[in-house]
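Peer 1: Let me give you the structure first, and then I'll get to my questions.
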Amino acid sequence: MTVMRIAVAGATGQVGRYVVQAAGERGLEVVPLARANGVDLTTGTGLADRLAGVDAVVDVVSTRAQSRSAAEAFFSRVTRTLMNAGRDAGVGHHVALSIVGIDAVPSGYYRGKLLQERLLAEGDRPWSVLRATQFHEFAAQALDFARVGPWSLVPVMTSQPVAAREVGQALVALAEKGASGRVADLVGPEVLSMHRLARRVSDARGLGRRVVPVRLPGAAGRGMRDGSLTAYGDDVVVGATTFDAWLAADG
């Protein structure tokens with residue numbers, strides 16, 4: 001019996017490690033695509049050897065870039081590089097993780113993700129895109145966005161956080177299913193305020209951070225507050241893990 005081989009771009013990241021874990025649990029062979037393995041996703045160095053015999057690529061790579069120009073440049077380079085290398089290696093499926101609501105919130109990073117989606121849709125490779133809401137772990141990250149002494153300035157944000165573990169599992173299932181285009185969004189089971197979640201993480205971990213909610217200006221700030229980054233209806237998949245359950249287990 002032939003074992004399916006999945007290459008994971010961003011295998012050591014927040015979602016990538018769960019993709020690797022889920023693939024292993026399903027008996028799949030995982031090929032990490034990382035600098036530690038001699039791979040440069042922006043230039044393609046080392047990709048040809050790593051993609052030999054791979055059936056699907058799961059792309060969960062991220063960037064710290066927040067400006068539109070930098071985010072678009074990053075996601076354009078990585079996506080084109082993976083698509084071209086995948087074509088040359090005969091990879092049959094490209095799976096990418098994206099974010100719920102990015103059409104309605106004009107942030108630079110989200111514009112980069114939209115470009116990534118468009119490149120896949122307009123390309124000549126079989127593809128799938130899963131959009132998910134922010135992860136539970138985002139609340140902990142928000143404590144470090146802007147720190148002034150003991151104070152953490154956290155954006156006022158209406159969120160529907162989902163477990164990164166469940167996102168990783170969904171991506172592996174999608175890779176196994178085959179090219180599906182954009183599939184149903186994956187969201188968390190509760191709509192919550194991000195600054196309150198950040199405060200709860202600080203309290204649970206004994207970090208002593210004093211959280212100050214900040215209303216970001218402009219259309220992007222409004223979109224973060226008005227629920228644009230959440231999703232409802234019969235055409236979404238709702239994760240099972242609540243924030244309380246995640247915090248109790250991993251917090």
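Residues in the structure tokens are numbered from 1 in each chain, the chains being A, B, ... in the order shown, and ligands are numbered from 1 in the order shown.
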What are the nearest atom pairs, with distances in Å to one decimal, for all residues of region 59-176 of chain A that come at most 6 Å from region 181-200 of chain A, using only C-alpha atoms, set out by chain and rising residue number as CSV?
Peer 2:
residue,atom,partner,partner_atom,distance
A:Trp127,CA,A:Gly181,CA,5.7
A:Ser128,CA,A:Gly181,CA,4.3
A:Val129,CA,A:Arg182,CA,4.6
A:Leu130,CA,A:Val183,CA,5.7
A:Arg131,CA,A:Asp185,CA,5.0
A:Ala132,CA,A:Leu186,CA,4.7
A:Thr133,CA,A:Val187,CA,5.3
A:Ala139,CA,A:Ala198,CA,4.6
A:Ala140,CA,A:Ala198,CA,5.8
A:Val154,CA,A:His195,CA,5.6
A:Met157,CA,A:Met194,CA,5.3
A:Thr158,CA,A:Ser193,CA,5.0
A:Ser159,CA,A:Leu192,CA,5.4
A:Gln160,CA,A:Val191,CA,4.4
A:Pro161,CA,A:Gly188,CA,4.8
A:Val162,CA,A:Gly188,CA,4.0
Peer 1: Quick one: residues within 10 Å of Leu120 (chain A), only C-alpha atoms counted, chain neighbours fewer than 2 positions away excluded, as a list in words?
Peer 2: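 Using only C-alpha atoms, the neighbours found are Thr79, Arg80, Met83, His94, Val95, Ala96, Leu115, Gln116, Glu117, Arg118, Glu122, Gly123, Asp124, Arg125, Pro126, Trp127, Ser128, Val129 and Gly181 of chain A.
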Peer 1: So that I have them on file, write out the residues from the current selection with C-alpha atoms, as a CSV table (one decimal), in the first residue's frame.
Peer 2:
chain,number,residue,atom,x,y,z
A,79,THR,CA,3.0,31.0,-3.4
A,80,ARG,CA,4.5,31.3,-6.9
A,83,MET,CA,3.3,26.4,-7.3
A,94,HIS,CA,-1.8,22.6,-3.2
A,95,VAL,CA,-3.6,23.4,0.0
A,96,ALA,CA,-3.4,26.8,1.7
A,115,LEU,CA,-3.4,37.8,-3.2
A,116,GLN,CA,-2.3,34.3,-2.2
A,117,GLU,CA,-5.9,33.1,-2.7
A,118,ARG,CA,-6.1,34.8,-6.1
A,122,GLU,CA,-6.0,31.8,-11.3
A,123,GLY,CA,-3.1,29.3,-11.5
A,124,ASP,CA,-2.9,26.0,-13.3
A,125,ARG,CA,-2.4,23.7,-10.3
A,126,PRO,CA,-5.2,21.8,-8.4
A,127,TRP,CA,-5.8,23.7,-5.2
A,128,SER,CA,-7.9,24.1,-2.0
A,129,VAL,CA,-8.2,27.0,0.4
A,181,GLY,CA,-11.3,25.0,-4.3
Peer 1: Could you find all residues in region 199-246 of chain A that DSSP calls strand (DSSP E) from the backbone, and write them as a list in words?
Peer 2: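 DSSP on the backbone gives strand (DSSP E) at Arg210, Val211, Val212, Pro213, Val214, Val236, Val237 and Val238 of chain A.
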Peer 1: I'd like to know which of A:Ala231, A:Ala220, A:Val78, A:Ala175 is closest to Arg26 (chain A), using only C-alpha atoms.
Peer 2: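 With only C-alpha atoms as the atom set, the closest residue is A:Ala175.
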Peer 1: Please indicate the distance in Å from CA of Pro155 (chain A) to CA of Asp226 (chain A), rounded to one decimal place.
Peer 2: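 Those two atoms sit 12.6 Å apart.
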Peer 1: Can you pull out the residues contacting Asp88 (chain A)? Cut-off 10 Å, using only C-alpha atoms, and skip same-chain residues under 4 positions away; I want them as a PDB file with C-alpha atoms, in the first residue's frame.
Peer 2:
ATOM      1  CA  ALA A  48      13.045  20.187  -5.979  1.00  0.00           C
ATOM      2  CA  LEU A  51       9.046  17.695  -3.317  1.00  0.00           C
ATOM      3  CA  ALA A  52      10.088  14.544  -5.162  1.00  0.00           C
ATOM      4  CA  LEU A  82       5.626  26.559  -4.323  1.00  0.00           C
ATOM      5  CA  MET A  83       3.304  26.368  -7.328  1.00  0.00           C
ATOM      6  CA  ASN A  84       6.152  26.340  -9.844  1.00  0.00           C
TER       7      ASN A  84
END
Peer 1: Which residue gives the smallest distance to Ala163 (chain A) among A:Ala142, A:Val60, A:Ala248, A:Ala240, with only C-alpha atoms counted?
Peer 2: A:Ala240
Peer 1: Using Å and a single decimal, report how far CA of Ile6 (chain A) sits from CA of Glu176 (chain A).
Peer 2: 9.0 Å
Peer 1: Identify, on the basis of only C-alpha atoms, every residue whose closest approach to Pro217 (chain A) does not exceed 12 Å; exclude the query and any residue fewer than 4 positions from it along the same chain; express the result as a ChimeraX atom specification.
Peer 2: /A:106-107,155-156,221-225
Peer 1: Measuring between only C-alpha atoms, which one of A:Leu114, A:Ala219, A:Val58, A:Val30 shows the shortest distance to Gly86 (chain A)?
Peer 2: A:Val58
Peer 1: Which distance in Å separates CA of Ala22 (chain A) and CA of Gly112 (chain A), to one decimal?
Peer 2: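 CA of Ala22 (chain A) sits 27.0 Å away from CA of Gly112 (chain A).
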Peer 1: Could you check which of A:Arg35, A:Arg111, A:His136, A:Arg5 is closest to Thr242 (chain A), using only C-alpha atoms?
Peer 2: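 The answer is A:His136, which sits nearest to Thr242 (chain A).
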